[in-house]
$ cat input-v8.pdb   # PDB, C-alpha atoms
ATOM      1  CA  MET A   3       0.000   0.000   0.000
ATOM      2  CA  ASN A   4       1.235   3.491  -0.848
ATOM      3  CA  GLU A   5       1.669   6.147   1.821
ATOM      4  CA  ILE A   6      -0.895   8.487   0.225
ATOM      5  CA  VAL A   7      -4.462   7.270  -0.256
ATOM      6  CA  ILE A   8      -7.517   9.050  -1.648
ATOM      7  CA  ARG A   9     -10.602   7.406  -0.167
ATOM      8  CA  LYS A  10     -13.849   7.132  -2.074
ATOM      9  CA  ASP A  11     -15.305   9.979   0.031
ATOM     10  CA  GLY A  12     -12.625  12.276  -1.454
ATOM     11  CA  LYS A  13     -10.582  12.534   1.736
ATOM     12  CA  TRP A  14      -6.814  12.236   1.527
ATOM     13  CA  TYR A  15      -4.714  10.194   3.955
ATOM     14  CA  PHE A  16      -0.993   9.957   4.600
ATOM     15  CA  ASN A  17       0.027   6.840   6.561
ATOM     16  CA  ASP A  18      -3.611   6.384   7.697
ATOM     17  CA  ALA A  19      -3.841   9.945   9.086
ATOM     18  CA  GLU A  20      -6.304  12.268   7.365
ATOM     19  CA  MET A  21      -4.675  15.173   5.579
ATOM     20  CA  PHE A  22      -6.861  18.037   6.798
ATOM     21  CA  ARG A  23      -4.849  20.985   5.453
ATOM     22  CA  ARG A  24      -6.697  21.559   2.208
ATOM     23  CA  ASN A  25      -4.068  23.915   0.784
ATOM     24  CA  ILE A  26      -1.510  21.087   0.920
ATOM     25  CA  VAL A  27      -4.006  18.588  -0.510
ATOM     26  CA  ASN A  28      -4.694  21.079  -3.301
ATOM     27  CA  VAL A  29      -1.012  21.276  -4.286
ATOM     28  CA  LEU A  30      -0.882  17.486  -4.454
ATOM     29  CA  ALA A  31      -4.201  17.171  -6.330
ATOM     30  CA  VAL A  32      -3.174  19.646  -9.018
ATOM     31  CA  ASN A  33      -0.152  17.438  -9.695
ATOM     32  CA  ILE A  34      -1.938  14.080 -10.037
ATOM     33  CA  ASN A  35      -1.106  12.112 -13.164
ATOM     34  CA  LYS A  36      -2.439   8.851 -14.518
ATOM     35  CA  LYS A  37      -0.354   5.928 -15.747
ATOM     36  CA  GLU A  38      -1.276   3.802 -18.757
ATOM     37  CA  ASP A  39      -2.299   0.984 -16.386
ATOM     38  CA  GLY A  40      -4.907   3.269 -14.771
ATOM     39  CA  SER A  41      -3.021   3.869 -11.518
ATOM     40  CA  TYR A  42      -2.198   7.354 -10.270
ATOM     41  CA  TYR A  43       0.871   9.215  -9.069
ATOM     42  CA  ILE A  44       1.831  12.700  -7.964
ATOM     43  CA  ALA A  45       4.682  14.445  -9.781
ATOM     44  CA  LEU A  46       6.306  17.445  -8.078
ATOM     45  CA  GLY A  47       9.497  18.664  -9.663
ATOM     46  CA  ASN A  48      11.708  15.628 -10.267
ATOM     47  CA  GLU A  49       9.947  13.570  -7.583
ATOM     48  CA  THR A  50       7.072  11.159  -8.178
ATOM     49  CA  GLU A  51       5.007   9.256  -5.642
ATOM     50  CA  ASP A  52       2.483   6.535  -6.403
ATOM     51  CA  ILE A  53      -0.858   6.994  -4.677
ATOM     52  CA  ASP A  54      -3.739   4.638  -3.986
ATOM     53  CA  VAL A  55      -7.106   5.849  -5.214
ATOM     54  CA  GLU A  56     -10.036   3.829  -3.856
ATOM     55  CA  ASP A  57     -12.509   5.107  -6.444
ATOM     56  CA  VAL A  58     -11.579   8.237  -8.427
ATOM     57  CA  PRO A  59      -9.104  11.040  -7.702
ATOM     58  CA  PHE A  60     -11.599  13.921  -7.610
ATOM     59  CA  PHE A  61     -14.780  14.495  -5.582
ATOM     60  CA  ALA A  62     -17.115  17.446  -6.215
ATOM     61  CA  THR A  63     -18.581  18.639  -2.918
ATOM     62  CA  GLY A  64     -19.556  22.250  -3.641
ATOM     63  CA  LEU A  65     -21.324  24.271  -6.301
ATOM     64  CA  GLN A  66     -21.180  27.998  -6.969
ATOM     65  CA  GLU A  67     -23.114  30.044  -9.469
ATOM     66  CA  THR A  68     -20.831  32.744 -10.846
ATOM     67  CA  GLU A  69     -21.792  36.356 -11.584
ATOM     68  CA  ALA A  70     -21.577  35.467 -15.278
ATOM     69  CA  GLY A  71     -24.345  32.914 -14.758
ATOM     70  CA  THR A  72     -22.137  29.851 -15.092
ATOM     71  CA  ILE A  73     -21.726  26.954 -12.692
ATOM     72  CA  LYS A  74     -18.486  26.169 -10.894
ATOM     73  CA  LEU A  75     -17.901  22.892  -9.078
ATOM     74  CA  VAL A  76     -15.630  22.917  -6.034
ATOM     75  CA  PHE A  77     -13.782  19.722  -5.183
ATOM     76  CA  HIS A  78     -12.851  18.370  -1.771
ATOM     77  CA  ASP A  79      -9.232  19.221  -2.650
ATOM     78  CA  LEU A  80     -10.222  22.869  -3.372
ATOM     79  CA  GLN A  81      -9.804  22.635  -7.151
ATOM     80  CA  GLU A  82     -12.523  24.414  -9.088
ATOM     81  CA  PHE A  83     -14.075  23.299 -12.354
ATOM     82  CA  GLU A  84     -16.269  25.702 -14.299
ATOM     83  CA  LEU A  85     -18.858  23.935 -16.419
ATOM     84  CA  THR A  86     -18.550  25.736 -19.742
ATOM     85  CA  ARG A  87     -19.688  22.863 -21.928
ATOM     86  CA  GLU A  88     -22.006  19.932 -21.576
ATOM     87  CA  GLN A  89     -20.837  16.998 -19.483
ATOM     88  CA  ARG A  90     -21.891  13.387 -19.819
ATOM     89  CA  LEU A  91     -22.847  11.725 -16.547
ATOM     90  CA  TYR A  92     -21.388   8.289 -15.863
ATOM     91  CA  PHE A  93     -22.881   5.945 -13.311
ATOM     92  CA  LYS A  94     -21.306   3.133 -11.310
ATOM     93  CA  GLY A  95     -24.369   1.595  -9.761
ATOM     94  CA  ASP A  96     -26.278   4.666  -8.574
ATOM     95  CA  VAL A  97     -23.167   6.829  -8.003
ATOM     96  CA  PRO A  98     -22.761   9.724 -10.502
ATOM     97  CA  TYR A  99     -19.464  10.785 -12.091
ATOM     98  CA  ILE A 100     -18.308  13.372 -14.627
ATOM     99  CA  THR A 101     -15.085  13.999 -16.516
ATOM    100  CA  TYR A 102     -12.589  16.558 -15.249
ATOM    101  CA  ARG A 103      -9.212  15.356 -16.566
ATOM    102  CA  TRP A 104      -9.895  11.738 -17.521
ATOM    103  CA  PRO A 105     -13.219  10.068 -18.423
ATOM    104  CA  GLY A 106     -15.380   9.563 -15.338
ATOM    105  CA  ASP A 107     -12.654  10.734 -12.913
ATOM    106  CA  THR A 108     -14.832  12.936 -10.688
ATOM    107  CA  ARG A 109     -17.447  11.664  -8.276
ATOM    108  CA  LEU A 110     -20.382  13.969  -7.546
ATOM    109  CA  SER A 111     -21.687  14.202  -4.001
ATOM    110  CA  ARG A 112     -25.365  13.361  -3.723
ATOM    111  CA  GLY A 113     -26.219  17.011  -2.997
ATOM    112  CA  ILE A 114     -24.301  18.293  -6.029
ATOM    113  CA  TYR A 115     -25.962  15.681  -8.226
ATOM    114  CA  TRP A 116     -29.413  16.901  -7.180
ATOM    115  CA  LYS A 117     -28.464  20.569  -7.606
ATOM    116  CA  LEU A 118     -27.250  19.800 -11.134
ATOM    117  CA  SER A 119     -30.424  17.860 -11.979
ATOM    118  CA  ASP A 120     -32.060  21.110 -13.188
ATOM    119  CA  TYR A 121     -29.574  21.009 -16.069
ATOM    120  CA  PHE A 122     -30.017  17.356 -17.088
ATOM    121  CA  ASP A 123     -30.688  16.474 -20.704
ATOM    122  CA  PHE A 124     -31.799  12.869 -21.212
ATOM    123  CA  ARG A 125     -30.685  11.287 -24.473
ATOM    124  CA  GLY A 126     -31.812   7.698 -24.641
ATOM    125  CA  ASP A 127     -29.899   5.842 -21.924
ATOM    126  CA  GLU A 128     -27.412   8.683 -21.442
ATOM    127  CA  VAL A 129     -27.699  11.785 -19.253
ATOM    128  CA  TYR A 130     -25.848  15.041 -19.912
ATOM    129  CA  ILE A 131     -25.453  18.155 -17.801
ATOM    130  CA  VAL A 132     -26.081  21.179 -20.021
ATOM    131  CA  PRO A 133     -25.012  24.241 -18.008
ATOM    132  CA  PRO A 134     -26.656  27.659 -18.447
ATOM    133  CA  GLY A 135     -25.679  29.423 -21.661
ATOM    134  CA  CYS A 136     -24.414  26.220 -23.261
ATOM    135  CA  ALA A 137     -26.266  24.847 -26.264
ATOM    136  CA  ASN A 138     -26.335  21.095 -26.806
ATOM    137  CA  GLU A 139     -23.192  20.040 -28.652
TER     138      GLU A 139
END

$ encode --input "input-v8.pdb" --output "structure tokens"
Amino acid sequence: MNEIVIRKDGKWYFNDAEMFRRNIVNVLAVNINKKEDGSYYIALGNETEDIDVEDVPFFATGLQETEAGTIKLVFHDLQEFELTREQRLYFKGDVPYITYRWPGDTRLSRGIYWKLSDYFDFRGDEVYIVPPGCANE
């Protein structure tokens, strides 16, 4: 097991202790990379460190509506993702995911999922989030 673990609830751990300083978690999260085998690592400068990711590396826990009328998701690790184009929803069981950097790499909290439901566009068996001001692509 690697020293750094991202649990499925989006919380980060180092040697089984929760990393509660979000500014440090943010620096690490911004530097996550994905290997061809699907595993993840953090690259800072010339150093790399493999990490264990129980589910996906990113977890959207907050939502802000900007003055421009757009929607911005806020992740547990303090990264922000402005929805400027439509996003396909992915489901593993009944858990919703979207794409931030890699397909289906961001889990949506239940509350965020319901807040985004106003922007759902159902297309057969697929569901898309179409944010304000964004026409269907």

$ resolve_selection --input "input-v8.pdb" --expression "the PyMOL selection byres ((chain A and resi 7-19) around 10)" --output "PDB file with C-alpha atoms, keeping the file's coordinate frame"
ATOM      1  CA  MET A   3       0.000   0.000   0.000  1.00  0.00           C
ATOM      2  CA  ASN A   4       1.235   3.491  -0.848  1.00  0.00           C
ATOM      3  CA  GLU A   5       1.669   6.147   1.821  1.00  0.00           C
ATOM      4  CA  ILE A   6      -0.895   8.487   0.225  1.00  0.00           C
ATOM      5  CA  GLU A  20      -6.304  12.268   7.365  1.00  0.00           C
ATOM      6  CA  MET A  21      -4.675  15.173   5.579  1.00  0.00           C
ATOM      7  CA  PHE A  22      -6.861  18.037   6.798  1.00  0.00           C
ATOM      8  CA  ARG A  23      -4.849  20.985   5.453  1.00  0.00           C
ATOM      9  CA  ARG A  24      -6.697  21.559   2.208  1.00  0.00           C
ATOM     10  CA  VAL A  27      -4.006  18.588  -0.510  1.00  0.00           C
ATOM     11  CA  LEU A  30      -0.882  17.486  -4.454  1.00  0.00           C
ATOM     12  CA  ALA A  31      -4.201  17.171  -6.330  1.00  0.00           C
ATOM     13  CA  ASP A  52       2.483   6.535  -6.403  1.00  0.00           C
ATOM     14  CA  ILE A  53      -0.858   6.994  -4.677  1.00  0.00           C
ATOM     15  CA  ASP A  54      -3.739   4.638  -3.986  1.00  0.00           C
ATOM     16  CA  VAL A  55      -7.106   5.849  -5.214  1.00  0.00           C
ATOM     17  CA  GLU A  56     -10.036   3.829  -3.856  1.00  0.00           C
ATOM     18  CA  ASP A  57     -12.509   5.107  -6.444  1.00  0.00           C
ATOM     19  CA  VAL A  58     -11.579   8.237  -8.427  1.00  0.00           C
ATOM     20  CA  PRO A  59      -9.104  11.040  -7.702  1.00  0.00           C
ATOM     21  CA  PHE A  60     -11.599  13.921  -7.610  1.00  0.00           C
ATOM     22  CA  PHE A  61     -14.780  14.495  -5.582  1.00  0.00           C
ATOM     23  CA  ALA A  62     -17.115  17.446  -6.215  1.00  0.00           C
ATOM     24  CA  THR A  63     -18.581  18.639  -2.918  1.00  0.00           C
ATOM     25  CA  PHE A  77     -13.782  19.722  -5.183  1.00  0.00           C
ATOM     26  CA  HIS A  78     -12.851  18.370  -1.771  1.00  0.00           C
ATOM     27  CA  ASP A  79      -9.232  19.221  -2.650  1.00  0.00           C
ATOM     28  CA  THR A 108     -14.832  12.936 -10.688  1.00  0.00           C
ATOM     29  CA  ARG A 109     -17.447  11.664  -8.276  1.00  0.00           C
ATOM     30  CA  LEU A 110     -20.382  13.969  -7.546  1.00  0.00           C
ATOM     31  CA  SER A 111     -21.687  14.202  -4.001  1.00  0.00           C
TER      32      SER A 111
END

$ residues_near_point --input "input-v8.pdb" --point "(-29.3, 11.3, -19.3)" --cutoff "12 Å" --atoms "all atoms listed in the file" --output "VMD selection string"
chain A and resid 88 to 93 98 118 to 132

$ atom_distance --input "input-v8.pdb" --atom1 "CA of Thr101 in chain A" --atom2 "CA of Ser41 in chain A"
16.5 Å

$ closest_residue --input "input-v8.pdb" --among "A:Asn48, A:Gly64, A:Thr86, A:Gln81" --to "Trp116 in chain A" --atoms "all atoms listed in the file"
A:Gly64

$ atom_distance --input "input-v8.pdb" --atom1 "CA of Ala45 in chain A" --atom2 "CA of Ile26 in chain A"
14.0 Å

$ closest_residue --input "input-v8.pdb" --among "A:Lys117, A:Ile73, A:Asn28, A:Thr50" --to "Arg87 in chain A" --atoms "all atoms listed in the file"
A:Ile73

$ atom_distance --input "input-v8.pdb" --atom1 "CA of Gly47 in chain A" --atom2 "CA of Ile100 in chain A"
28.7 Å

$ axis_aligned_box --input "input-v8.pdb" --around "range 75-89 of chain A" --padding-each-side "4 Å" --output "JSON"
{"center_x": -15.6, "center_y": 21.4, "center_z": -11.8, "size_x": 20.8, "size_y": 16.7, "size_z": 28.2}

$ closest_residue --input "input-v8.pdb" --among "A:Leu80, A:Leu85, A:Val29, A:Ile34" --to "Glu67 in chain A" --atoms "only C-alpha atoms"
A:Leu85

$ resolve_selection --input "input-v8.pdb" --expression "the PyMOL selection byres ((chain A and resi 71) around 12)" --output "number ranges by chain"
A: 66-70, 72-74, 84-86, 133-136
